[in-house]
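Coordinates from my_file.cif are shown below (mmCIF, C-alpha atoms and all ligand atoms).
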```cif
data_work
#
loop_
_atom_site.label_atom_id
_atom_site.label_comp_id
_atom_site.auth_asym_id
_atom_site.auth_seq_id
_atom_site.Cartn_x
_atom_site.Cartn_y
_atom_site.Cartn_z
CA MET A 47 18.97 23.44 -67.56
CA SER A 48 21.13 23.52 -64.45
CA ILE A 49 21.56 20.81 -61.85
CA ARG A 50 20.82 23.43 -59.20
CA ALA A 51 17.41 24.16 -60.78
CA ILE A 52 16.56 20.45 -60.84
CA ALA A 53 17.71 19.96 -57.23
CA ASN A 54 15.70 22.99 -56.04
CA GLY A 55 12.64 21.78 -57.89
CA ALA A 56 12.95 18.28 -56.44
CA ALA A 57 13.23 19.75 -52.92
CA HIS A 58 10.09 21.86 -53.47
CA LEU A 59 8.18 18.89 -54.80
CA LEU A 60 9.24 16.76 -51.86
CA VAL A 61 8.30 19.36 -49.24
CA LYS A 62 5.03 20.39 -50.84
CA ARG A 63 3.65 17.06 -52.01
CA TYR A 64 5.42 14.13 -50.43
CA THR A 65 6.91 14.97 -47.00
CA GLY A 66 3.67 16.21 -45.52
CA PRO A 67 0.00 15.36 -45.68
CA PHE A 68 -0.58 16.94 -49.09
CA TRP A 69 -2.39 14.06 -50.79
CA LEU A 70 -4.35 13.15 -47.69
CA HIS A 71 -5.59 16.71 -47.27
CA LYS A 72 -6.23 17.21 -50.95
CA ARG A 73 -8.55 14.19 -51.01
CA TRP A 74 -10.20 15.36 -47.79
CA LEU A 75 -10.76 18.89 -49.18
CA ASN A 76 -12.29 17.48 -52.34
CA LYS A 77 -14.98 15.92 -50.17
CA THR A 78 -15.47 18.62 -47.53
CA GLN A 79 -16.21 21.31 -50.12
CA TRP A 80 -19.64 19.76 -50.68
CA LEU A 81 -20.64 19.43 -47.00
CA SER A 82 -23.57 21.28 -45.48
CA TYR A 83 -23.07 24.39 -43.40
CA SER A 84 -23.62 22.52 -40.12
CA GLU A 85 -21.26 19.69 -41.12
CA LEU A 86 -18.58 22.29 -41.86
CA GLN A 87 -19.17 23.87 -38.46
CA ILE A 88 -18.64 20.50 -36.79
CA ILE A 89 -15.28 20.20 -38.57
CA GLN A 90 -14.36 23.73 -37.53
CA LEU A 91 -15.18 23.08 -33.89
CA LYS A 92 -13.13 19.90 -33.87
CA LEU A 93 -10.13 21.69 -35.40
CA LEU A 94 -10.53 24.69 -33.10
CA ARG A 95 -10.59 22.53 -29.98
CA LYS A 96 -7.52 20.65 -31.16
CA LEU A 97 -5.72 23.93 -31.79
CA VAL A 98 -6.63 25.45 -28.42
CA ARG A 99 -5.45 22.32 -26.62
CA HIS A 100 -2.18 22.43 -28.58
CA CYS A 101 -1.73 26.11 -27.64
CA TYR A 102 -2.38 25.43 -23.98
CA ASN A 103 0.01 22.49 -23.88
CA SER A 104 2.92 23.83 -25.90
CA VAL A 105 2.76 27.60 -26.49
CA PRO A 106 3.95 29.58 -23.42
CA TYR A 107 2.22 32.79 -24.54
CA TYR A 108 -1.17 31.08 -24.70
CA ARG A 109 -0.68 29.00 -21.56
CA ARG A 110 -0.04 32.23 -19.64
CA SER A 111 -2.86 34.26 -21.17
CA MET A 112 -5.39 31.40 -20.93
CA ASP A 113 -4.56 30.90 -17.27
CA GLU A 114 -4.95 34.63 -16.67
CA LEU A 115 -8.29 34.74 -18.49
CA GLY A 116 -9.55 31.50 -16.94
CA ILE A 117 -9.88 29.70 -20.30
CA SER A 118 -9.26 25.98 -20.30
CA PRO A 119 -9.20 23.84 -23.47
CA GLU A 120 -12.37 22.13 -22.20
CA SER A 121 -14.19 25.45 -21.96
CA ILE A 122 -14.25 25.72 -25.78
CA ARG A 123 -17.57 23.98 -26.49
CA THR A 124 -18.96 26.01 -29.38
CA LEU A 125 -17.45 28.15 -32.13
CA LYS A 126 -18.77 31.21 -30.31
CA ASP A 127 -16.44 30.38 -27.41
CA ILE A 128 -13.58 31.74 -29.51
CA GLU A 129 -14.75 35.12 -28.24
CA LYS A 130 -13.29 34.28 -24.84
CA PHE A 131 -9.93 35.08 -26.41
CA PRO A 132 -8.88 38.68 -27.00
CA ILE A 133 -8.26 39.91 -30.56
CA ILE A 134 -4.54 40.33 -31.16
CA ASN A 135 -2.55 41.98 -33.92
CA LYS A 136 1.00 42.13 -35.20
CA LYS A 137 2.10 44.40 -32.36
CA GLU A 138 1.14 41.84 -29.69
CA VAL A 139 2.73 39.00 -31.64
CA LEU A 140 6.00 40.91 -31.98
CA LYS A 141 5.86 41.70 -28.27
CA ALA A 142 5.28 38.04 -27.39
CA GLY A 143 8.50 37.14 -29.23
CA ASP A 144 9.55 33.50 -28.95
CA SER A 145 6.88 32.75 -26.33
CA ILE A 146 4.30 32.46 -29.13
CA ILE A 147 6.25 29.66 -30.81
CA SER A 148 5.31 26.11 -29.87
CA THR A 149 7.90 24.25 -27.77
CA LYS A 150 6.77 20.98 -29.35
CA TYR A 151 9.16 21.29 -32.29
CA PRO A 152 12.92 21.82 -32.33
CA ARG A 153 13.63 25.18 -33.94
CA TRP A 154 15.78 23.64 -36.68
CA ALA A 155 12.78 21.62 -37.85
CA LEU A 156 10.75 24.77 -38.54
CA ARG A 157 10.63 26.81 -41.69
CA LYS A 158 11.05 30.55 -41.38
CA GLY A 159 8.78 32.76 -43.45
CA ARG A 160 8.41 36.50 -43.66
CA THR A 161 5.13 38.37 -43.83
CA GLY A 162 4.59 41.56 -45.74
CA GLY A 163 6.02 44.80 -44.59
CA SER A 164 3.19 46.66 -46.27
CA THR A 165 2.28 48.24 -42.96
CA GLY A 166 5.91 49.02 -42.30
CA THR A 167 6.63 46.15 -39.91
CA PRO A 168 7.74 42.84 -41.41
CA MET A 169 7.37 39.82 -39.16
CA ILE A 170 9.05 36.41 -39.05
CA VAL A 171 6.56 33.54 -39.05
CA TYR A 172 7.59 30.00 -38.19
CA ARG A 173 5.86 27.10 -39.91
CA THR A 174 6.05 23.35 -39.50
CA LEU A 175 7.27 21.44 -42.50
CA PHE A 176 3.98 19.52 -42.50
CA SER A 177 1.91 22.70 -42.69
CA LEU A 178 3.48 23.46 -46.09
CA GLY A 179 1.87 20.39 -47.65
CA THR A 180 -1.48 21.35 -46.16
CA GLU A 181 -1.14 24.90 -47.45
CA HIS A 182 -0.39 23.51 -50.89
CA ALA A 183 -3.47 21.26 -50.72
CA PHE A 184 -5.73 24.27 -50.06
CA ALA A 185 -4.16 26.22 -52.92
CA ARG A 186 -4.49 23.28 -55.27
CA ARG A 187 -8.18 22.83 -54.54
CA GLN A 188 -8.73 26.32 -55.93
CA TRP A 189 -6.60 25.38 -58.94
CA ASP A 190 -9.03 22.50 -59.43
CA TRP A 191 -11.86 25.05 -59.46
CA ALA A 192 -9.89 26.94 -62.11
CA GLY A 193 -9.46 23.75 -64.12
CA VAL A 194 -5.67 23.66 -63.78
CA GLY A 195 -4.13 20.18 -63.59
CA MET A 196 -1.42 18.99 -61.22
CA ARG A 197 1.23 18.68 -63.91
CA GLU A 198 0.34 21.81 -65.81
CA LYS A 199 3.09 24.37 -66.36
CA SER A 200 2.70 27.78 -64.72
CA ALA A 201 4.47 31.14 -64.60
CA TRP A 202 4.85 32.99 -61.31
CA ILE A 203 5.33 36.71 -60.74
CA PHE A 204 5.49 37.30 -57.02
CA GLN A 205 7.83 37.80 -54.09
CA ARG A 206 10.28 35.03 -54.99
CA VAL A 207 13.62 36.73 -55.62
CA VAL A 208 15.17 35.65 -58.91
CA ALA A 209 17.59 38.55 -59.08
CA PRO A 210 18.50 41.22 -56.51
CA PRO A 211 15.85 43.96 -56.82
CA GLU A 212 18.48 46.69 -57.24
CA LYS A 213 20.27 44.87 -60.09
CA LYS A 214 19.07 45.91 -63.51
CA ASP A 215 21.15 43.64 -65.76
CA ALA A 216 20.65 40.28 -64.00
CA ARG A 217 18.76 37.32 -65.49
CA LEU A 218 15.17 37.95 -64.48
CA TYR A 219 13.70 34.47 -64.70
CA ASP A 220 14.21 30.94 -63.51
CA TYR A 221 12.60 27.75 -64.78
CA ASP A 222 12.05 24.85 -62.44
CA PRO A 223 11.67 21.72 -64.59
CA VAL A 224 10.44 19.53 -61.72
CA MET A 225 7.62 21.77 -60.50
CA ARG A 226 7.25 23.05 -64.08
CA GLU A 227 7.25 26.62 -62.82
CA LEU A 228 8.69 29.65 -64.56
CA THR A 229 9.43 32.39 -62.02
CA LEU A 230 9.66 35.95 -63.32
CA SER A 231 10.98 38.74 -61.14
CA ALA A 232 8.12 40.93 -59.91
CA TYR A 233 10.67 43.45 -58.66
CA HIS A 234 11.79 44.11 -62.23
CA CYS A 235 8.44 43.96 -64.01
CA SER A 236 8.08 47.21 -65.96
CA ALA A 237 7.09 48.42 -69.41
CA ASP A 238 10.67 47.59 -70.51
CA THR A 239 10.74 43.98 -69.30
CA ALA A 240 7.06 42.95 -69.55
CA LEU A 241 7.24 42.04 -73.21
CA ASP A 242 10.23 39.76 -72.59
CA TYR A 243 8.25 38.12 -69.80
CA ALA A 244 5.30 37.54 -72.15
CA ARG A 245 7.64 36.01 -74.77
CA LEU A 246 9.20 33.69 -72.16
CA ILE A 247 5.75 32.51 -71.09
CA GLN A 248 4.86 31.81 -74.70
CA GLU A 249 8.15 30.02 -75.44
CA HIS A 250 7.59 27.71 -72.46
CA GLY A 251 4.09 26.91 -73.69
CA ILE A 252 2.56 28.18 -70.43
CA LYS A 253 -1.18 28.97 -70.17
CA VAL A 254 -1.43 29.65 -66.43
CA VAL A 255 0.02 32.74 -64.74
CA VAL A 256 0.03 33.27 -60.97
CA GLY A 257 1.07 36.45 -59.19
CA TYR A 258 0.65 40.07 -58.22
CA PRO A 259 -2.15 41.68 -60.23
CA SER A 260 -0.07 44.85 -60.63
CA ALA A 261 2.70 42.95 -62.43
CA ILE A 262 0.27 40.90 -64.54
CA TYR A 263 -1.56 44.11 -65.39
CA THR A 264 1.70 45.75 -66.54
CA MET A 265 2.30 42.74 -68.76
CA ALA A 266 -1.25 42.87 -70.14
CA LYS A 267 -1.03 46.58 -70.87
CA THR A 268 2.36 46.23 -72.55
CA CYS A 269 1.12 43.33 -74.72
CA ILE A 270 -1.90 45.37 -75.83
CA ASN A 271 0.23 48.44 -76.58
CA SER A 272 2.74 46.53 -78.65
CA GLY A 273 0.25 44.21 -80.34
CA PHE A 274 1.84 41.06 -78.88
CA LYS A 275 -0.66 38.21 -78.63
CA LEU A 276 -0.28 35.96 -75.62
CA ASP A 277 -3.05 33.41 -75.07
CA LEU A 278 -3.57 32.31 -71.50
CA ARG A 279 -6.27 30.13 -70.02
CA VAL A 280 -6.14 31.13 -66.36
CA VAL A 281 -4.68 33.97 -64.31
CA ILE A 282 -4.53 33.38 -60.57
CA SER A 283 -4.05 36.71 -58.92
CA THR A 284 -3.04 37.17 -55.35
CA TRP A 285 -1.48 39.15 -52.52
CA GLU A 286 -2.79 42.51 -53.75
CA ALA A 287 -6.27 43.88 -54.35
CA MET A 288 -7.34 43.63 -58.00
CA THR A 289 -9.40 46.53 -59.28
CA GLU A 290 -12.08 46.18 -61.94
CA PRO A 291 -10.18 48.10 -64.67
CA MET A 292 -7.15 45.87 -64.07
CA ARG A 293 -9.32 42.76 -64.31
CA GLN A 294 -10.82 43.99 -67.56
CA THR A 295 -7.46 44.78 -69.15
CA ILE A 296 -5.94 41.42 -68.14
CA SER A 297 -8.92 39.52 -69.47
CA ASP A 298 -8.90 41.55 -72.74
CA ALA A 299 -5.16 41.05 -73.27
CA PHE A 300 -4.97 37.32 -72.59
CA GLY A 301 -8.54 36.09 -73.15
CA CYS A 302 -8.33 34.26 -69.82
CA LYS A 303 -10.41 33.57 -66.74
CA ILE A 304 -9.20 35.27 -63.56
CA PHE A 305 -9.25 33.64 -60.12
CA ASP A 306 -8.21 35.68 -57.10
CA PHE A 307 -7.05 34.26 -53.87
CA TYR A 308 -6.36 36.02 -50.67
CA GLY A 309 -4.24 34.52 -47.95
CA SER A 310 -1.70 35.57 -45.41
CA GLY A 311 1.85 34.79 -44.43
CA GLU A 312 0.49 34.37 -40.90
CA ARG A 313 -1.53 31.40 -42.19
CA VAL A 314 -4.79 32.35 -40.52
CA VAL A 315 -7.21 32.95 -43.37
CA ALA A 316 -7.86 31.97 -46.97
CA ILE A 317 -10.44 33.53 -49.28
CA HIS A 318 -10.70 31.83 -52.66
CA LYS A 319 -12.70 32.91 -55.67
CA CYS A 320 -14.71 30.05 -57.15
CA GLU A 321 -15.59 29.23 -60.75
CA ARG A 322 -18.87 31.18 -60.35
CA GLY A 323 -17.02 34.31 -59.33
CA SER A 324 -17.78 34.46 -55.58
CA TYR A 325 -15.17 35.13 -52.93
CA HIS A 326 -15.47 32.27 -50.44
CA ILE A 327 -13.99 32.26 -46.96
CA VAL A 328 -12.45 28.80 -46.77
CA PRO A 329 -13.94 27.23 -43.61
CA GLU A 330 -11.60 24.25 -43.27
CA TYR A 331 -8.61 26.59 -43.26
CA GLY A 332 -9.49 28.61 -40.18
CA LEU A 333 -12.23 30.25 -38.17
CA THR A 334 -12.78 33.69 -39.66
CA GLU A 335 -14.78 36.39 -37.92
CA LEU A 336 -15.92 39.51 -39.74
CA ILE A 337 -16.01 42.41 -37.28
CA PRO A 338 -18.10 45.41 -38.45
CA MET A 339 -16.10 48.61 -38.81
CA ASP A 340 -17.36 51.72 -37.08
CA GLY A 341 -18.16 54.79 -39.10
CA CYS A 342 -17.60 53.15 -42.45
CA GLU A 343 -20.43 52.88 -44.92
CA GLY A 344 -20.93 50.00 -47.31
CA GLY A 345 -20.78 47.01 -44.93
CA HIS A 346 -17.04 46.93 -44.38
CA TYR A 347 -15.57 44.41 -41.96
CA ARG A 348 -12.21 43.74 -40.37
CA VAL A 349 -10.99 40.20 -40.89
CA VAL A 350 -10.09 38.46 -37.63
CA SER A 351 -8.96 34.87 -38.02
CA THR A 352 -7.74 31.78 -36.27
CA GLY A 353 -5.71 29.46 -38.50
CA PHE A 354 -6.10 25.74 -37.84
CA TRP A 355 -2.99 24.37 -39.49
CA ASN A 356 0.20 26.15 -38.57
CA LYS A 357 0.99 24.58 -35.23
CA ALA A 358 4.49 26.11 -35.02
CA MET A 359 3.22 29.63 -34.40
CA PRO A 360 -0.54 29.41 -33.89
CA LEU A 361 -2.48 32.66 -33.89
CA ILE A 362 -5.90 32.88 -32.28
CA ARG A 363 -8.20 35.77 -33.29
CA TYR A 364 -5.49 37.51 -35.28
CA ASP A 365 -6.34 40.84 -36.90
CA MET A 366 -4.19 41.45 -39.97
CA GLY A 367 -5.65 44.89 -40.56
CA ASP A 368 -7.41 43.76 -43.72
CA VAL A 369 -10.86 44.92 -44.69
CA VAL A 370 -13.53 43.17 -46.77
CA ALA A 371 -16.99 44.15 -47.97
CA GLY A 372 -19.57 41.74 -46.56
CA SER A 373 -22.30 39.90 -48.44
CA ASP A 374 -25.43 37.99 -47.42
CA GLU A 375 -25.56 36.09 -50.66
CA SER A 376 -24.90 32.43 -51.21
CA CYS A 377 -23.19 31.10 -54.32
CA SER A 378 -24.63 29.03 -57.12
CA CYS A 379 -21.52 26.81 -57.16
CA GLY A 380 -23.18 24.73 -54.43
CA ARG A 381 -20.53 25.16 -51.73
CA ASN A 382 -21.82 26.23 -48.35
CA PHE A 383 -18.84 28.48 -47.70
CA PRO A 384 -19.41 32.05 -46.48
CA VAL A 385 -19.21 34.71 -49.20
CA VAL A 386 -17.69 38.19 -49.10
CA LYS A 387 -18.43 40.76 -51.77
CA SER A 388 -14.90 42.01 -52.24
CA ILE A 389 -11.51 42.32 -50.62
CA ILE A 390 -10.82 45.97 -49.94
CA GLY A 391 -7.26 45.60 -48.71
CA LYS A 392 -5.37 47.04 -45.81
CA GLU A 393 -7.18 49.24 -43.35
CA GLY A 394 -4.83 52.14 -44.07
CA ASP A 395 -5.61 52.00 -47.79
CA ILE A 396 -8.11 54.81 -47.60
CA ILE A 397 -7.96 58.39 -48.80
CA GLN A 398 -9.74 60.88 -46.58
CA SER A 399 -10.58 64.55 -46.87
CA PRO A 400 -10.78 67.33 -44.26
CA SER A 401 -14.58 67.22 -44.63
CA GLY A 402 -14.58 63.52 -43.61
CA VAL A 403 -15.07 61.80 -46.99
CA GLN A 404 -13.38 58.37 -47.13
CA LEU A 405 -12.52 56.70 -50.41
CA GLY A 406 -11.22 53.18 -50.84
CA VAL A 407 -9.01 51.79 -53.57
CA THR A 408 -11.80 50.94 -55.98
CA ALA A 409 -13.25 54.44 -55.81
CA VAL A 410 -10.02 56.32 -56.43
CA VAL A 411 -8.75 54.02 -59.15
CA GLN A 412 -12.10 54.27 -60.87
CA ILE A 413 -11.61 58.03 -61.13
CA LEU A 414 -8.41 57.68 -63.11
CA TYR A 415 -9.08 54.67 -65.25
CA THR A 416 -12.75 54.61 -66.02
CA ILE A 417 -14.28 58.03 -65.53
CA GLY A 418 -11.13 59.82 -66.62
CA GLY A 419 -10.96 57.62 -69.68
CA THR A 420 -7.24 57.22 -69.19
CA ASN A 421 -6.26 53.75 -70.15
CA ASN A 422 -2.61 54.44 -70.74
CA ILE A 423 -1.08 54.23 -67.30
CA LEU A 424 0.98 51.26 -66.11
CA GLU A 425 1.12 51.96 -62.40
CA THR A 426 -0.37 54.45 -59.98
CA GLN A 427 -0.04 55.15 -56.32
CA PHE A 428 -2.10 57.62 -54.30
CA ILE A 429 -0.01 59.07 -51.51
CA GLN A 430 -1.84 61.05 -48.88
CA ASP A 431 0.84 63.13 -47.19
CA ALA A 432 -1.49 65.61 -45.46
CA LEU A 433 -5.17 65.65 -44.62
CA ASP A 434 -5.81 68.12 -47.44
CA HIS A 435 -3.27 66.85 -49.97
CA ILE A 436 -2.53 63.82 -52.09
CA THR A 437 0.14 63.13 -54.65
CA ILE A 438 -0.79 60.74 -57.43
CA GLU A 439 2.32 59.07 -58.78
CA TYR A 440 1.93 57.43 -62.15
CA VAL A 441 4.00 55.46 -64.63
CA PRO A 442 2.87 56.30 -68.17
CA GLY A 443 2.38 53.63 -70.82
CA ARG A 444 3.90 54.01 -74.27
CA LYS A 445 0.78 55.62 -75.71
CA PHE A 446 0.37 58.11 -72.88
CA THR A 447 -0.03 61.71 -74.05
CA GLU A 448 -0.60 65.14 -72.55
CA ASP A 449 -4.32 64.57 -73.16
CA ASP A 450 -4.30 61.63 -70.79
CA LEU A 451 -2.74 63.77 -68.10
CA ALA A 452 -5.34 66.47 -68.73
CA ASN A 453 -8.11 63.86 -68.47
CA MET A 454 -6.76 62.62 -65.17
CA ARG A 455 -6.52 66.15 -63.82
CA ASN A 456 -10.07 66.91 -64.91
CA SER A 457 -11.59 63.83 -63.39
CA ALA A 458 -9.61 64.27 -60.17
CA ALA A 459 -10.94 67.84 -59.93
CA ARG A 460 -14.49 66.72 -60.67
CA PHE A 461 -14.77 63.60 -58.57
CA LEU A 462 -12.36 63.87 -55.64
CA PRO A 463 -13.51 65.97 -52.66
CA ARG A 464 -13.06 69.69 -53.30
CA ASP A 465 -11.07 70.26 -50.11
CA LEU A 466 -8.40 67.81 -51.24
CA LYS A 467 -5.52 69.26 -53.25
CA VAL A 468 -4.12 66.90 -55.85
CA ASP A 469 -0.72 66.85 -57.53
CA PHE A 470 0.38 64.45 -60.23
CA GLU A 471 3.92 63.21 -60.46
CA GLN A 472 5.36 61.06 -63.21
CA VAL A 473 7.74 58.42 -61.87
CA GLU A 474 9.71 55.51 -63.32
CA ALA A 475 8.12 53.01 -60.95
CA VAL A 476 5.93 53.41 -57.89
CA LYS A 477 7.31 52.29 -54.56
CA ARG A 478 7.01 48.57 -53.71
CA THR A 479 6.74 47.02 -50.26
CA PRO A 480 9.69 44.87 -49.11
CA MET A 481 7.79 41.88 -50.56
CA GLY A 482 7.66 43.57 -53.97
CA LYS A 483 3.94 44.41 -53.77
CA ILE A 484 2.29 47.64 -54.81
CA ARG A 485 0.00 49.39 -52.38
CA PRO A 486 -2.44 51.47 -54.43
CA ILE A 487 -2.98 53.90 -51.58
CA VAL A 488 -0.33 54.94 -49.09
CA SER A 489 -1.73 57.00 -46.26
CA GLN A 490 0.85 58.84 -44.21
CA ILE A 491 -1.69 60.45 -41.92
CA ALA A 492 -3.45 58.98 -38.89
CA ARG A 493 -7.09 58.04 -39.23
ZN ZN B 501 -19.00 29.60 -55.26
#
```
Would you put the structure from the file into C-alpha cells?
Amino acid sequence: MSIRAIANGAAHLLVKRYTGPFWLHKRWLNKTQWLSYSELQIIQLKLLRKLVRHCYNSVPYYRRSMDELGISPESIRTLKDIEKFPIINKKEVLKAGDSIISTKYPRWALRKGRTGGSTGTPMIVYRTLFSLGTEHAFARRQWDWAGVGMREKSAWIFQRVVAPPEKKDARLYDYDPVMRELTLSAYHCSADTALDYARLIQEHGIKVVVGYPSAIYTMAKTCINSGFKLDLRVVISTWEAMTEPMRQTISDAFGCKIFDFYGSGERVVAIHKCERGSYHIVPEYGLTELIPMDGCEGGHYRVVSTGFWNKAMPLIRYDMGDVVAGSDESCSCGRNFPVVKSIIGKEGDIIQSPSGVQLGVTAVVQILYTIGGTNNILETQFIQDALDHITIEYVPGRKFTEDDLANMRNSAARFLPRDLKVDFEQVEAVKRTPMGKIRPIVSQIAR
C-alpha cells in the first residue's frame, strides 16, 4: 500500500465529506425525500430564486441576457417563471466562454471537470469545492436506497484513468484504502482482463460495484463463460444506458440488485432508480423540464434542466441532448418525486431508415440479443454511416460461433427495416468516447 494512495484517499475524503456541506446535506436529503409534492415545490422555488439572484449578481453572461430579456431576480415568482429564460445547449455555453463562470470565486479555488465528448465536443465545467460535497450527498442518498453503508468497500469501473488507455501492459487497478475504493480501468476492460478484475474484486472482499454498464456487462459475461463465481450484493450502473439483456446477464452472473443513476458533468440533473425500481427525477437537485419531442412516438422527451448547486458555472434551462421516455405513474416507495419510464440516451442514438422508421437503442439491441438468440457477444456498436446503411461492429465472446453470426444476420434481416442494408464487422473492441464510454448507436447522418 503506497503513501501516495493513502494521501490521495485522504484528500478525496476531505473534499467529499469534510470540507463541504456533505453531512448537512445528507441529513437534509434524508428528510426531504419524504415530503409532499407541494412541499418539494416550495423547496425548488426557494433554490431557483437563490440561483437566479446569484446568476444576476455574479455571472456576466446571465446579467447581460437577463437585462436584454427584461428578467429580474424578483420576477421569478413561480416555478413556471423559469420559462422566461431561453433553453441553451452546449454550443451556447462554449460560445459564452468565461462569461458564464461566476466572478464570485477566484479561479484557483474552483475545480475543473470535463464533460463527455460523446457528441464530439468535450466541455470544461468549473465547480466550487463545496458543490462536490453536495454532489456526494445526493449520490449517497441513493446508496442508502441500495442498502450500501458509508464505510462499505466498493469497486469502480468508470472514467477515472488508472493507466494510459493506449498502454496494454500497465497496472490496471488502484486501491484507495481511505475511501475503500478499488478502481479498475474501464478503458482496458475486455474479455482478456475482465476475469482478473473479477478476481481482484473478490480478493478485496467487495460486494458493491459502480460503473459503466458496458464494462460490468463484459465482466458478467466473462464470468459466466469461464464459470467464475463472483457474488455481489449491489451494482450501481451509470453514465451509459443499460439495456434489458445487459441487466439480465449482470443479475444472473452476480446475483445482485442493480441500481441505475443518471447524472451529468454539467451538474444540472440527477435521475436515481429507487429500491422499487422506478427512475425518479431528483427534485432537490435541480428543476427538470421534460419537453415533448416532435415526430417521435412513445412519449419521448428532451431533458432540460437547471441545476441548483453548482454556483461556479450555473446553467439555467440546459439541454444536454438526452432523451427519456415519460411516465404518468407514481412509485410505491412513497417518495413524491417525478417518475420517468426509462432513459433512452443521447438524441443522436437513433437508427433511421430511408422510409422514416426510427429505432432507439433498446429496439436494436433487442434484435441481436433476445430475438436473435445470440448471447455470446461482449460488445456491439451500431454505426449508421448512410441513410440506407448500418455497420454492426461486434466483439465476440469465447463461446461465439458461426451459428451466432448467422442468427444475428437472420434477425437483422427479419426485424430491421427492409430498406436498410446491414453489414457485420468483427472488431477487437468497439470505439469508446474520450471518457471511456460506449455509445451503442453512432449516427453519422443528420436527422
Ligand atoms: Zn420509488
Practice problem: List all protein, DNA and RNA residues that have an atom no more than 10 Å from any atom of ligand ZN 501 (chain B), counting all atoms listed in the file, and report them as a list of chain:residue names. | Solution: A:Trp191, A:His318, A:Lys319, A:Cys320, A:Glu321, A:Arg322, A:Gly323, A:Ser324, A:Tyr325, A:His326, A:Ser376, A:Cys377, A:Ser378, A:Cys379, A:Gly380, A:Arg381, A:Asn382, A:Phe383, A:Pro384, A:Val385
Quiz item: Of the candidates A:Glu425, A:Asp374, A:Glu181, A:Glu312, which shows the shortest atom-to-atom distance to A:Val350, using all atoms listed in the file?
Solution: A:Glu312
Practice problem: Would you kindly return, as a list of chain:residue names, each protein, DNA or RNA residue with an atom no farther than 9 Å from any atom of A:Trp69, considering only C-alpha atoms and excluding same-chain residues fewer than 4 positions away? | Solution: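 With the cut-off at 9 Å, the set is A:Arg63, A:Tyr64, A:Arg73, A:Trp74, A:Gly179, A:Thr180, A:Ala183.
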Self-check item: Minimum-distance residue to A:Trp189, chosen among A:Ile396, A:Leu91, A:Ile282, A:Ala299 (using all atoms listed in the file)
Solution: A:Ile282
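The interatomic distance for the pair atom CA of A:Ala452 and atom CA of A:Asp238 works out to 24.8 Å.
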Exercise. Would you mind reading off the distance between atom CA of A:Lys253 and atom CA of A:Glu198, one decimal, in Å?
Key: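 Interatomic distance here is 8.5 Å.
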Quiz item: Counting all atoms listed in the file, which of A:Leu361, A:Leu97, A:Leu218, A:Val315 gets nearest to A:Thr239?
Solution: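 Among A:Leu361, A:Leu97, A:Leu218, A:Val315, it is A:Leu218 that comes nearest to A:Thr239.
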Hey, can you pull every residue with an atom no more than 9 Å from (0.4, 43.4, -60.7), using all atoms listed in the file, and send it as a short mmCIF file (atom, residue, chain, number, x, y, z; two decimals) with C-alpha atoms, keeping the file's coordinate frame?
```cif
data_model
loop_
_atom_site.label_atom_id
_atom_site.label_comp_id
_atom_site.auth_asym_id
_atom_site.auth_seq_id
_atom_site.Cartn_x
_atom_site.Cartn_y
_atom_site.Cartn_z
CA ILE A 203 5.33 36.71 -60.74
CA PHE A 204 5.49 37.30 -57.02
CA ALA A 232 8.12 40.93 -59.91
CA CYS A 235 8.44 43.96 -64.01
CA GLY A 257 1.07 36.45 -59.19
CA TYR A 258 0.65 40.07 -58.22
CA PRO A 259 -2.15 41.68 -60.23
CA SER A 260 -0.07 44.85 -60.63
CA ALA A 261 2.70 42.95 -62.43
CA ILE A 262 0.27 40.90 -64.54
CA TYR A 263 -1.56 44.11 -65.39
CA THR A 264 1.70 45.75 -66.54
CA MET A 265 2.30 42.74 -68.76
CA SER A 283 -4.05 36.71 -58.92
CA THR A 284 -3.04 37.17 -55.35
CA GLU A 286 -2.79 42.51 -53.75
CA MET A 288 -7.34 43.63 -58.00
CA MET A 292 -7.15 45.87 -64.07
CA GLU A 425 1.12 51.96 -62.40
CA LYS A 483 3.94 44.41 -53.77
CA ILE A 484 2.29 47.64 -54.81
#
```
Self-check item: Within 12 Å of file point (0.6, 64.8, -45.4), counting all atoms listed in the file, expressed as a PyMOL selection string
Solution: chain A and resi 397-400+428-437+466-468+488-493
Quiz prompt | Distance of atom CA of A:Tyr308 from atom CA of A:Ile337, expressed in Å to one decimal place | solution =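 The value is 17.7 Å.
Summary of the local environment: counting all atoms listed in the file, residues at most 12 Å from A:Phe176, other than itself and those fewer than 4 positions away along its chain, are Leu60, Val61, Lys62, Arg63, Tyr64, Thr65, Gly66, Pro67, Phe68, Trp69, Leu70, His71, Tyr151, Ala155, Leu156, Arg157, Tyr172, Thr180, Glu181, His182, Ala183, Trp355, Asn356, Lys357 and Ala358 of chain A.
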Practice problem: For A:Ala142, work out the shell of residues within 12 Å, counting all atoms listed in the file and skipping chain neighbours fewer than 3 positions away, then give it as a list of chain:residue names. | Solution: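 Result of the neighbour search: A:Val105, A:Pro106, A:Tyr107, A:Tyr108, A:Arg110, A:Ser111, A:Ile134, A:Asn135, A:Lys136, A:Lys137, A:Glu138, A:Val139, A:Ser145, A:Ile146, A:Ile147, A:Met359, A:Leu361.
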Selection export as an mmCIF file, in the frame of the given file, atoms kept: C-alpha atoms:
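Contents of the output file out39.cif:
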```
data_model
loop_
_atom_site.group_PDB
_atom_site.id
_atom_site.type_symbol
_atom_site.label_atom_id
_atom_site.label_comp_id
_atom_site.auth_asym_id
_atom_site.auth_seq_id
_atom_site.Cartn_x
_atom_site.Cartn_y
_atom_site.Cartn_z
ATOM 1 C CA VAL A 105 2.760 27.600 -26.490
ATOM 2 C CA PRO A 106 3.950 29.580 -23.420
ATOM 3 C CA TYR A 107 2.220 32.790 -24.540
ATOM 4 C CA TYR A 108 -1.170 31.080 -24.700
ATOM 5 C CA ARG A 110 -0.040 32.230 -19.640
ATOM 6 C CA SER A 111 -2.860 34.260 -21.170
ATOM 7 C CA ILE A 134 -4.540 40.330 -31.160
ATOM 8 C CA ASN A 135 -2.550 41.980 -33.920
ATOM 9 C CA LYS A 136 1.000 42.130 -35.200
ATOM 10 C CA LYS A 137 2.100 44.400 -32.360
ATOM 11 C CA GLU A 138 1.140 41.840 -29.690
ATOM 12 C CA VAL A 139 2.730 39.000 -31.640
ATOM 13 C CA SER A 145 6.880 32.750 -26.330
ATOM 14 C CA ILE A 146 4.300 32.460 -29.130
ATOM 15 C CA ILE A 147 6.250 29.660 -30.810
ATOM 16 C CA MET A 359 3.220 29.630 -34.400
ATOM 17 C CA LEU A 361 -2.480 32.660 -33.890
#
```
